[in-house]
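K.L.:
The structure is given below, and queries will be raised subsequently.
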Amino acid sequence: MHLYNLTLQKSTAITCAVAGSFSAAKLQEIAVGRGKYLELLKPDENGHLTTLCSTEIFGVIRSLAAFRLTGSNRDYLVIGSDSGRLTILEYDLPKRAWNRVHLETFGKSGCRRVVPGQYLAVDVRGRALMVAAIEKQKFVYVLNRDPTTALTISSPMEGHKSHSIVHSICGVDVRFDNPLFAAIEIDYGDLDDDPEAEEPQKQLVYYELDLGLNHVLRKWSTPVDSSSNLLIPVPGGNDGPSGVLVCSENYITYKHNSAAHVNEEGLGTDDVRCVLPRRQDMAPDHGLLVVCFAAHKQKDMFFFLVQSEYGDIYKVTLDWQEERVRKVHIKYFDTIPVCSAIVVLRAGFLFAAAEFGNHKLYQFQGIGDEEDDSIIGYMTIGEEDTTEDEQEVLPLFKPRLLRNLLLIDDVESLCPILDCKVLDLVREDTPQLYTLCGRGPLSTLRILRHGLAAAELAVSELPGVPNAVWTVKQKYAEQFDDYIIVTFINATLVLSIGETVEEVTDSGFLGSITTLLCTTLMDDSMLQVHPLGIRHIRRDGRINEWKSMGKHNISRAAANERQVVIAQGNEVVYFELDPSGGLIDISKQDLGQEVLCVDVGPVPEGRQRSKFLVVGFPDKSVRILALEQDLTPMARLVCAVEPEAVVLVNMPSETGEVQDNTYLFVGLSNGFLHRCTVDAMSGQISDQRTRLCGAKPCKLIKVKTQGQNSVLVLSSRTWLCYSVNHRFHITPLGHDAFEFASNFASEPCPEGLVAIQSNKVRILALERIGDSMFNQTIVPLKCTPRKFLKHPTHNYLILLETDHRTHTNQDKEEIKRELKANTRDEDEMDQDDDDDLPERDYGTIKAPEGTWASYIRIYDPHENITHDMIELEDNQAAISLCTCVFHDTRGEPYLIVGTVKDLRPCPKTAKGGALLTFRFTDDGTKLELVHKTALTGVPHAMCAFQGRLLCGVDSLLRIYDLGKRKLLRKCETKSIPNCIVGIQKHADRIYVADITESIHYLRYRRKENIFVVFADNTAPRWMTCMCPLDFNTVAGADKFGNIFVSRLRAGVLDDIEADAAKSWVWERGSLNGAPQKANEVVQYHVGDMVTSLQKTELTPGGQEVLLYTTIMGSIGCLVPIQTTDDADFFQLLEMHLRQENPPICGRDHVAYRSSYFPVKDVTDGDFCELYTTLPYSKQRHIADELDRMPEDVCKRLEDMRHKVM
């Protein structure tokens, strides 16, 4: 077995983000870390986030920071990763890629607590940076430039301190004094020596880099609150008082080592502390922590935005004079979802990288200068004019609708994916991916379909059924279109594009006849081709007519900006635009057979005309003719069936030999699409590739996407052929099939499509091309989804939603009524529109520890409705479910839900569990409770088995049968060592996943009514999911990001003796597990915790793959490689790429994929696909080593991806 790994959806979670001018001066972009991906985002002129660059580092991004050398106008990006190396990158705008400037090794690879990389801090003036580990180690590097202005970096200088744990670091703004770095540390050395010693106190520590001595010294330290978790640097010099803000539970404290804030002993006593305003519904005993911050600085002011763990944003300002801070002001600003990072841009945007759910881009509507009661600012020590009332007040507020921020863009994120199933519940012939995503009020069920997201902007009904649609401009160089031309069987409708779209009659187009082609020529004239001739509308309003003189009317037409070709019967007539602005008949030729389709190539840069004409014939051939040589045949392509459409288009080259290649697209009448490369000089055809696009004939239309040429393929589905980062893609659109389409450009939609379906015209915008190959349908959920399954008899879904520290609906209403009553008594009633804020945006009321809310939902994806939703009572948490047809119920299915009562996660305690048995009523749309079966343990996993129920209760595996008052226990085994987290079955064989001890293979012997554990794995694993592949093979994944395939050897005995006298030694674990061991035939490190595994087909009739999803929101698959030749080819390609193109952050590729177990029999397809991004010289060198051409290598990479989707 050899597998090929492909990522279908990149990680969507963002763990860190930083702003900087990476591409050019005075422009700001956002560099984000998505686990193993580094992306550069930028808001466009319409406020939508676009991806400039996406790079997989084949490692883990732990931290990001940006710095700028003094006198420079661009920023560098520094990355702390698991490579054990410090990476400094510079963005190359022409190549749209990162260039590595420095790679400094300082430790071992991997995410270790004593290896730096977890924290990064840079000096404000760009003179030095500090990289720190969670424990002990810190390195400081001096940054400078050489005489050629290239960045230089010094050897590392140590700032280590043993027995110390770091919670946060930052660079202190000291202008041009010696660079200073601040850290929150805790020293546990005394506890190591004496376990009964007092608990150590956290310290704020300043580290100074002496630039003269090249030495790092521990300059100053002062105690801070034990809950301190975050440092915020304060501007210094003329911009501010310098120092840091220390964020702790309920407070933000200003500290600095200046004389104004330090006593004679050097301790920070005159500290300014300010309390954080709290929500009215917060429990008094619950602390409030700051999770992230962003700073904004202008010439005359600065402020900070900090976010609490509830999602509330506060504006923090300082009242200071002559480097002495008198007060800290904190004011409630707005509420957004909880973020892992927030970034303020100078253009007036706030980027919020959500911890869970979609990321958001806001625009500032204000900066919170209005007077509000949620302001508090005072000094706790050393301020004489501070009153007792000012110190004791605890500001409370109620979240309100957004006042200072306006949401302008929403970036979809699947993080975290908790479960996934591939089903076709809406009967679209192509299966959909149903994923459970999010947490708490941000939870969603997302239905993913293969295809680009297309947002529908407008729909208009027409008086008849149109044949085609085009858009034309009055001036060729204009950006936006002026007319939409809709043609019918005997008429043409001209619509003017403005503030509204309305019909016009003075455009010059002939409206009494059907139209074959409309376009704008280079001299700003417009062209209309109809069956009786050509109508040339000059820019001065004059109209020239050319009438067809032959026996046949015009049937086909094609044009570029200077050339026009028409076909009438067997004849082809070729026109050119002359210097005076007229169309000249250049040549006319009889081709000997009817012309089915025709197209003229694009005009190359620096030339006056295209060299080639492509024509399709009924003899199943496509020919390329030379326009400059009286239509002399240059090349011929033989097809299996008659061609329906042909297109010649320039697109970016995959190999990089030239910037653009000319490609020939041929749409066939059987739904297949051919793509070939056309030699720009000789016209010869090579590198033919084929793709099935649907059951209908393929129509081809030239369009523009992201400023590049693309091709739209219209069949039973609509496909877009485009190129991103020199990689060719053909992806369906997430919309119903079109009958015809064309480009559309206007101010609200600079790059879109106008399409016709039946008697309607639709205007659409394609969203985030290249970012995702799935479009999403989002269904909001009430609580965190835990598990789901398909309804046994209908195309419904049954979902479990469970949340900790969440009130039930009834308790929420009671709390809201009490809050309203209290605020009414205090005359603090808010506006009516702020009374019921959506929990998805503003969070929910937190309940005490050990409080649970659980729901069982029946959802119909076809109608998009919830048929039934049951709320569990008595503080039960639903954690598992399955459907089961018991053997004596005449085929009636039952739903079994496993619950636990009064569960406390840390330390884990519970008052037992239960199995709830439900019956389906009202044609499967309702649930009726049959009975409840009490358990002493927690039912983590269940599975239907031979007309009974298999249930894992802690470490016990049991069989239950249906009784009248409860489920009846029929059999039990204690052979599983710790806790059962997964159960699968195949015939009479059972596969059980233990939480720490991998997979166990069992057989149930019905005659003796016992379980036999006959095999297990040799390596212990913390299991998250598993999936049987065949009778002897099981795929599994653990929480450290490893996927493995375990296989029993041929001839394994699962019918071993199982009487008590011979099996008790195995059950006691005396002989180290089961008597037989499975072999692990596949090992692979994904780099992210896998949450689901499924063997499935993603396209009808496609190849079976092992689909996996991860906690960070990525979707991937492992594709079986069919032949030994293919396996050898991809292994050799991977080997050469490791030498020619190592990962950008210095992580060894083999070591990364072997982080926990040596990689075995898996080729990294993501790494192989980097071949298309290499310079042509390297591509050619690798291809020569493989004894192939670069085009052949690209084709095999493309074929592997097309096997999946």
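If you're wondering about the labels, chains in the structure tokens are A, B, ... by order shown, residues count from 1 in each chain, ligands from 1 in order shown.
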If we count only C-alpha atoms, what is near A:Asp860 at a cut-off of 12 Å, once residues fewer than 2 positions away on the same chain are taken out, given as a count of residues only?
P.N.:
24
K.L.:
What lies within 8 Å of stretch 511-525 of chain A using only C-alpha atoms, ignoring chain neighbours under 6 positions off, as number ranges by chain?
P.N.:
A: 470-476, 485, 487-494, 531, 536-539, 555-562, 581
K.L.:
Assign secondary structure with DSSP using the backbone only, and return the residues of stretch 79-240 of chain A in helix (DSSP H, G or I) as a list in words.
P.N.:
Gly189, Asp190, Leu191, Asp192 and Asp193 of chain A
K.L.:
Just want the 8 Å neighbourhood of A:Gly1113, counted on only C-alpha atoms, with same-chain residues fewer than 2 positions away dropped. Output as a VMD selection string.
P.N.:
chain A and resid 9 to 13 413 to 417 1109 to 1111 1115
K.L.:
Okay, now the selection with all heavy atoms, as an mmCIF file, in the first residue's frame?
P.N.:
data_model
loop_
_atom_site.group_PDB
_atom_site.id
_atom_site.type_symbol
_atom_site.label_atom_id
_atom_site.label_comp_id
_atom_site.auth_asym_id
_atom_site.auth_seq_id
_atom_site.Cartn_x
_atom_site.Cartn_y
_atom_site.Cartn_z
ATOM 1 N N GLN A 9 -8.508 21.535 1.442
ATOM 2 C CA GLN A 9 -8.838 22.831 2.040
ATOM 3 C C GLN A 9 -7.756 23.161 3.062
ATOM 4 O O GLN A 9 -7.533 22.395 4.000
ATOM 5 C CB GLN A 9 -10.208 22.785 2.713
ATOM 6 C CG GLN A 9 -10.552 23.997 3.567
ATOM 7 C CD GLN A 9 -10.690 25.265 2.751
ATOM 8 O OE1 GLN A 9 -11.510 25.330 1.863
ATOM 9 N NE2 GLN A 9 -9.870 26.258 3.040
ATOM 10 N N LYS A 10 -7.083 24.284 2.870
ATOM 11 C CA LYS A 10 -6.024 24.677 3.799
ATOM 12 C C LYS A 10 -6.612 25.014 5.171
ATOM 13 O O LYS A 10 -7.812 25.267 5.302
ATOM 14 C CB LYS A 10 -5.274 25.887 3.251
ATOM 15 C CG LYS A 10 -4.526 25.635 1.970
ATOM 16 C CD LYS A 10 -3.781 26.865 1.505
ATOM 17 C CE LYS A 10 -4.718 27.965 1.084
ATOM 18 N NZ LYS A 10 -4.002 29.102 0.476
ATOM 19 N N SER A 11 -5.755 25.003 6.169
ATOM 20 C CA SER A 11 -6.178 25.381 7.512
ATOM 21 C C SER A 11 -6.782 26.777 7.479
ATOM 22 O O SER A 11 -6.224 27.702 6.877
ATOM 23 C CB SER A 11 -4.993 25.353 8.478
ATOM 24 O OG SER A 11 -4.444 24.057 8.565
ATOM 25 N N THR A 12 -7.921 26.938 8.132
ATOM 26 C CA THR A 12 -8.600 28.232 8.136
ATOM 27 C C THR A 12 -8.449 28.966 9.460
ATOM 28 O O THR A 12 -8.776 30.150 9.539
ATOM 29 C CB THR A 12 -10.093 28.040 7.828
ATOM 30 O OG1 THR A 12 -10.644 27.077 8.743
ATOM 31 C CG2 THR A 12 -10.294 27.521 6.411
ATOM 32 N N ALA A 13 -7.958 28.301 10.484
ATOM 33 C CA ALA A 13 -7.724 28.969 11.766
ATOM 34 C C ALA A 13 -6.513 29.883 11.660
ATOM 35 O O ALA A 13 -5.573 29.618 10.908
ATOM 36 C CB ALA A 13 -7.514 27.942 12.872
ATOM 37 N N SER A 413 -14.272 30.518 7.921
ATOM 38 C CA SER A 413 -13.332 29.656 8.628
ATOM 39 C C SER A 413 -14.081 28.436 9.138
ATOM 40 O O SER A 413 -15.165 28.552 9.714
ATOM 41 C CB SER A 413 -12.673 30.399 9.795
ATOM 42 O OG SER A 413 -11.906 29.518 10.594
ATOM 43 N N LEU A 414 -13.492 27.269 8.929
ATOM 44 C CA LEU A 414 -14.093 26.022 9.389
ATOM 45 C C LEU A 414 -13.621 25.631 10.780
ATOM 46 O O LEU A 414 -14.100 24.634 11.323
ATOM 47 C CB LEU A 414 -13.761 24.883 8.411
ATOM 48 C CG LEU A 414 -14.234 25.053 6.972
ATOM 49 C CD1 LEU A 414 -13.725 23.902 6.119
ATOM 50 C CD2 LEU A 414 -15.738 25.118 6.915
ATOM 51 N N CYS A 415 -12.697 26.367 11.334
ATOM 52 C CA CYS A 415 -12.100 25.985 12.620
ATOM 53 C C CYS A 415 -13.094 26.129 13.770
ATOM 54 O O CYS A 415 -13.747 27.171 13.884
ATOM 55 C CB CYS A 415 -10.879 26.842 12.889
ATOM 56 S SG CYS A 415 -10.152 26.629 14.520
ATOM 57 N N PRO A 416 -13.202 25.133 14.641
ATOM 58 C CA PRO A 416 -12.643 23.791 14.508
ATOM 59 C C PRO A 416 -13.645 22.844 13.846
ATOM 60 O O PRO A 416 -14.850 22.965 14.058
ATOM 61 C CB PRO A 416 -12.420 23.389 15.969
ATOM 62 C CG PRO A 416 -13.566 24.042 16.692
ATOM 63 C CD PRO A 416 -13.849 25.331 15.955
ATOM 64 N N ILE A 417 -13.155 21.919 13.034
ATOM 65 C CA ILE A 417 -14.014 20.860 12.497
ATOM 66 C C ILE A 417 -14.048 19.737 13.527
ATOM 67 O O ILE A 417 -13.017 19.151 13.848
ATOM 68 C CB ILE A 417 -13.497 20.354 11.150
ATOM 69 C CG1 ILE A 417 -13.493 21.475 10.125
ATOM 70 C CG2 ILE A 417 -14.361 19.196 10.659
ATOM 71 C CD1 ILE A 417 -12.991 21.065 8.760
ATOM 72 N N THR A 1109 -10.337 15.309 8.293
ATOM 73 C CA THR A 1109 -10.494 16.709 8.676
ATOM 74 C C THR A 1109 -9.718 16.945 9.959
ATOM 75 O O THR A 1109 -9.452 16.013 10.723
ATOM 76 C CB THR A 1109 -11.965 17.077 8.890
ATOM 77 O OG1 THR A 1109 -12.517 16.247 9.940
ATOM 78 C CG2 THR A 1109 -12.780 16.859 7.632
ATOM 79 N N THR A 1110 -9.371 18.216 10.217
ATOM 80 C CA THR A 1110 -8.531 18.533 11.370
ATOM 81 C C THR A 1110 -9.171 19.623 12.212
ATOM 82 O O THR A 1110 -10.091 20.324 11.783
ATOM 83 C CB THR A 1110 -7.129 18.995 10.931
ATOM 84 O OG1 THR A 1110 -7.234 20.280 10.323
ATOM 85 C CG2 THR A 1110 -6.523 18.020 9.936
ATOM 86 N N ILE A 1111 -8.643 19.776 13.401
ATOM 87 C CA ILE A 1111 -9.177 20.737 14.358
ATOM 88 C C ILE A 1111 -8.955 22.173 13.886
ATOM 89 O O ILE A 1111 -9.713 23.086 14.242
ATOM 90 C CB ILE A 1111 -8.524 20.516 15.742
ATOM 91 C CG1 ILE A 1111 -9.347 21.166 16.856
ATOM 92 C CG2 ILE A 1111 -7.106 21.004 15.755
ATOM 93 C CD1 ILE A 1111 -10.586 20.423 17.213
ATOM 94 N N ILE A 1115 -9.032 20.229 5.360
ATOM 95 C CA ILE A 1115 -9.599 18.995 4.826
ATOM 96 C C ILE A 1115 -8.578 18.413 3.866
ATOM 97 O O ILE A 1115 -8.052 19.117 2.995
ATOM 98 C CB ILE A 1115 -10.928 19.242 4.103
ATOM 99 C CG1 ILE A 1115 -11.940 19.893 5.038
ATOM 100 C CG2 ILE A 1115 -11.498 17.948 3.534
ATOM 101 C CD1 ILE A 1115 -13.223 20.329 4.350
#
K.L.:
So that I can check the surroundings of stretch 780-785 of chain A, please list as a list in words every protein, DNA and RNA residue that reaches within 8 Å of it, counting only C-alpha atoms and ignoring chain neighbours fewer than 2 positions away.
P.N.:
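Counting only the stated atoms, we get Leu418, Leu436, Cys437, Gly438, Arg439, Gly440, Pro441, Leu442, Ser443, Thr444, Leu445, Ile778, Lys787, Phe788, Leu799, Leu800, Glu801, Thr802, Asp803, Ala853, Ser854 and Tyr855 of chain A.
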K.L.:
With a distance cut-off of 10 Å and only C-alpha atoms, select the neighbouring residues of stretch 461-465 of chain A, excluding the residue or stretch itself and same-chain residues fewer than 2 positions from it, and output the selection as an mmCIF file with N, CA, C and O atoms, in the first residue's frame.
P.N.:
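Full text of out_21.cif as output:
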data_model
loop_
_atom_site.group_PDB
_atom_site.id
_atom_site.type_symbol
_atom_site.label_atom_id
_atom_site.label_comp_id
_atom_site.auth_asym_id
_atom_site.auth_seq_id
_atom_site.Cartn_x
_atom_site.Cartn_y
_atom_site.Cartn_z
ATOM 1 N N VAL A 459 -30.903 39.694 -10.185
ATOM 2 C CA VAL A 459 -31.638 38.767 -11.039
ATOM 3 C C VAL A 459 -32.730 39.557 -11.744
ATOM 4 O O VAL A 459 -33.444 40.342 -11.112
ATOM 5 N N ASN A 467 -30.809 33.492 -26.080
ATOM 6 C CA ASN A 467 -29.813 32.544 -26.583
ATOM 7 C C ASN A 467 -28.425 32.797 -26.007
ATOM 8 O O ASN A 467 -27.673 31.866 -25.745
ATOM 9 N N ALA A 468 -28.073 34.073 -25.869
ATOM 10 C CA ALA A 468 -26.717 34.415 -25.422
ATOM 11 C C ALA A 468 -26.733 35.803 -24.818
ATOM 12 O O ALA A 468 -27.721 36.546 -24.924
ATOM 13 N N VAL A 486 -28.374 41.198 -24.889
ATOM 14 C CA VAL A 486 -29.083 39.924 -24.737
ATOM 15 C C VAL A 486 -29.752 39.611 -26.064
ATOM 16 O O VAL A 486 -30.511 40.432 -26.599
ATOM 17 N N THR A 487 -29.457 38.447 -26.627
ATOM 18 C CA THR A 487 -30.023 38.081 -27.918
ATOM 19 C C THR A 487 -31.029 36.949 -27.776
ATOM 20 O O THR A 487 -30.832 36.028 -26.966
ATOM 21 N N PHE A 488 -32.106 37.046 -28.554
ATOM 22 C CA PHE A 488 -33.156 36.029 -28.594
ATOM 23 C C PHE A 488 -33.143 35.371 -29.969
ATOM 24 O O PHE A 488 -32.297 35.681 -30.817
ATOM 25 N N ILE A 489 -34.104 34.523 -30.231
ATOM 26 C CA ILE A 489 -34.120 33.784 -31.491
ATOM 27 C C ILE A 489 -34.354 34.702 -32.686
ATOM 28 O O ILE A 489 -33.923 34.413 -33.794
ATOM 29 N N LEU A 493 -31.754 42.583 -27.451
ATOM 30 C CA LEU A 493 -32.103 43.575 -26.439
ATOM 31 C C LEU A 493 -30.819 44.214 -25.920
ATOM 32 O O LEU A 493 -29.871 43.514 -25.548
ATOM 33 N N ILE A 756 -27.170 33.750 -18.249
ATOM 34 C CA ILE A 756 -28.586 33.511 -18.501
ATOM 35 C C ILE A 756 -28.934 32.086 -18.091
ATOM 36 O O ILE A 756 -28.171 31.148 -18.299
ATOM 37 N N GLN A 757 -30.078 31.961 -17.453
ATOM 38 C CA GLN A 757 -30.674 30.678 -17.089
ATOM 39 C C GLN A 757 -32.151 30.764 -17.423
ATOM 40 O O GLN A 757 -32.865 31.614 -16.873
ATOM 41 N N SER A 758 -32.586 29.938 -18.350
ATOM 42 C CA SER A 758 -33.980 29.973 -18.781
ATOM 43 C C SER A 758 -34.319 31.392 -19.258
ATOM 44 O O SER A 758 -33.688 31.899 -20.182
ATOM 45 N N ASN A 759 -35.283 32.063 -18.636
ATOM 46 C CA ASN A 759 -35.654 33.415 -19.067
ATOM 47 C C ASN A 759 -35.167 34.484 -18.090
ATOM 48 O O ASN A 759 -35.757 35.550 -17.982
ATOM 49 N N LYS A 760 -34.070 34.210 -17.360
ATOM 50 C CA LYS A 760 -33.558 35.152 -16.374
ATOM 51 C C LYS A 760 -32.101 35.497 -16.657
ATOM 52 O O LYS A 760 -31.331 34.654 -17.113
ATOM 53 N N VAL A 761 -31.782 36.743 -16.393
ATOM 54 C CA VAL A 761 -30.393 37.203 -16.449
ATOM 55 C C VAL A 761 -29.905 37.383 -15.020
ATOM 56 O O VAL A 761 -30.569 38.034 -14.208
ATOM 57 N N ARG A 762 -28.752 36.817 -14.721
ATOM 58 C CA ARG A 762 -28.186 36.888 -13.367
ATOM 59 C C ARG A 762 -26.802 37.533 -13.426
ATOM 60 O O ARG A 762 -26.017 37.239 -14.327
#
K.L.:
Here is a test: counting only C-alpha atoms, which residue of A:Ala183, A:Asp660, A:His163, A:Met1089 is nearest to A:Gly35?
P.N.:
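Among the listed residues, A:Met1089 lies closest to A:Gly35.
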K.L.:
DSSP on the backbone, then: every residue of stretch 593-704 of chain A marked strand (DSSP E or B), written as a ChimeraX atom specification.
P.N.:
/A:597-600,612-617,621-626,632-638,643-652,660-668,672-678,685-692,699-704
K.L.:
In terms of the shortest atom-to-atom distance over only C-alpha atoms, which of A:His450, A:His986, A:Arg691, A:His296 is closest to A:Glu1198?
P.N.:
A:Arg691
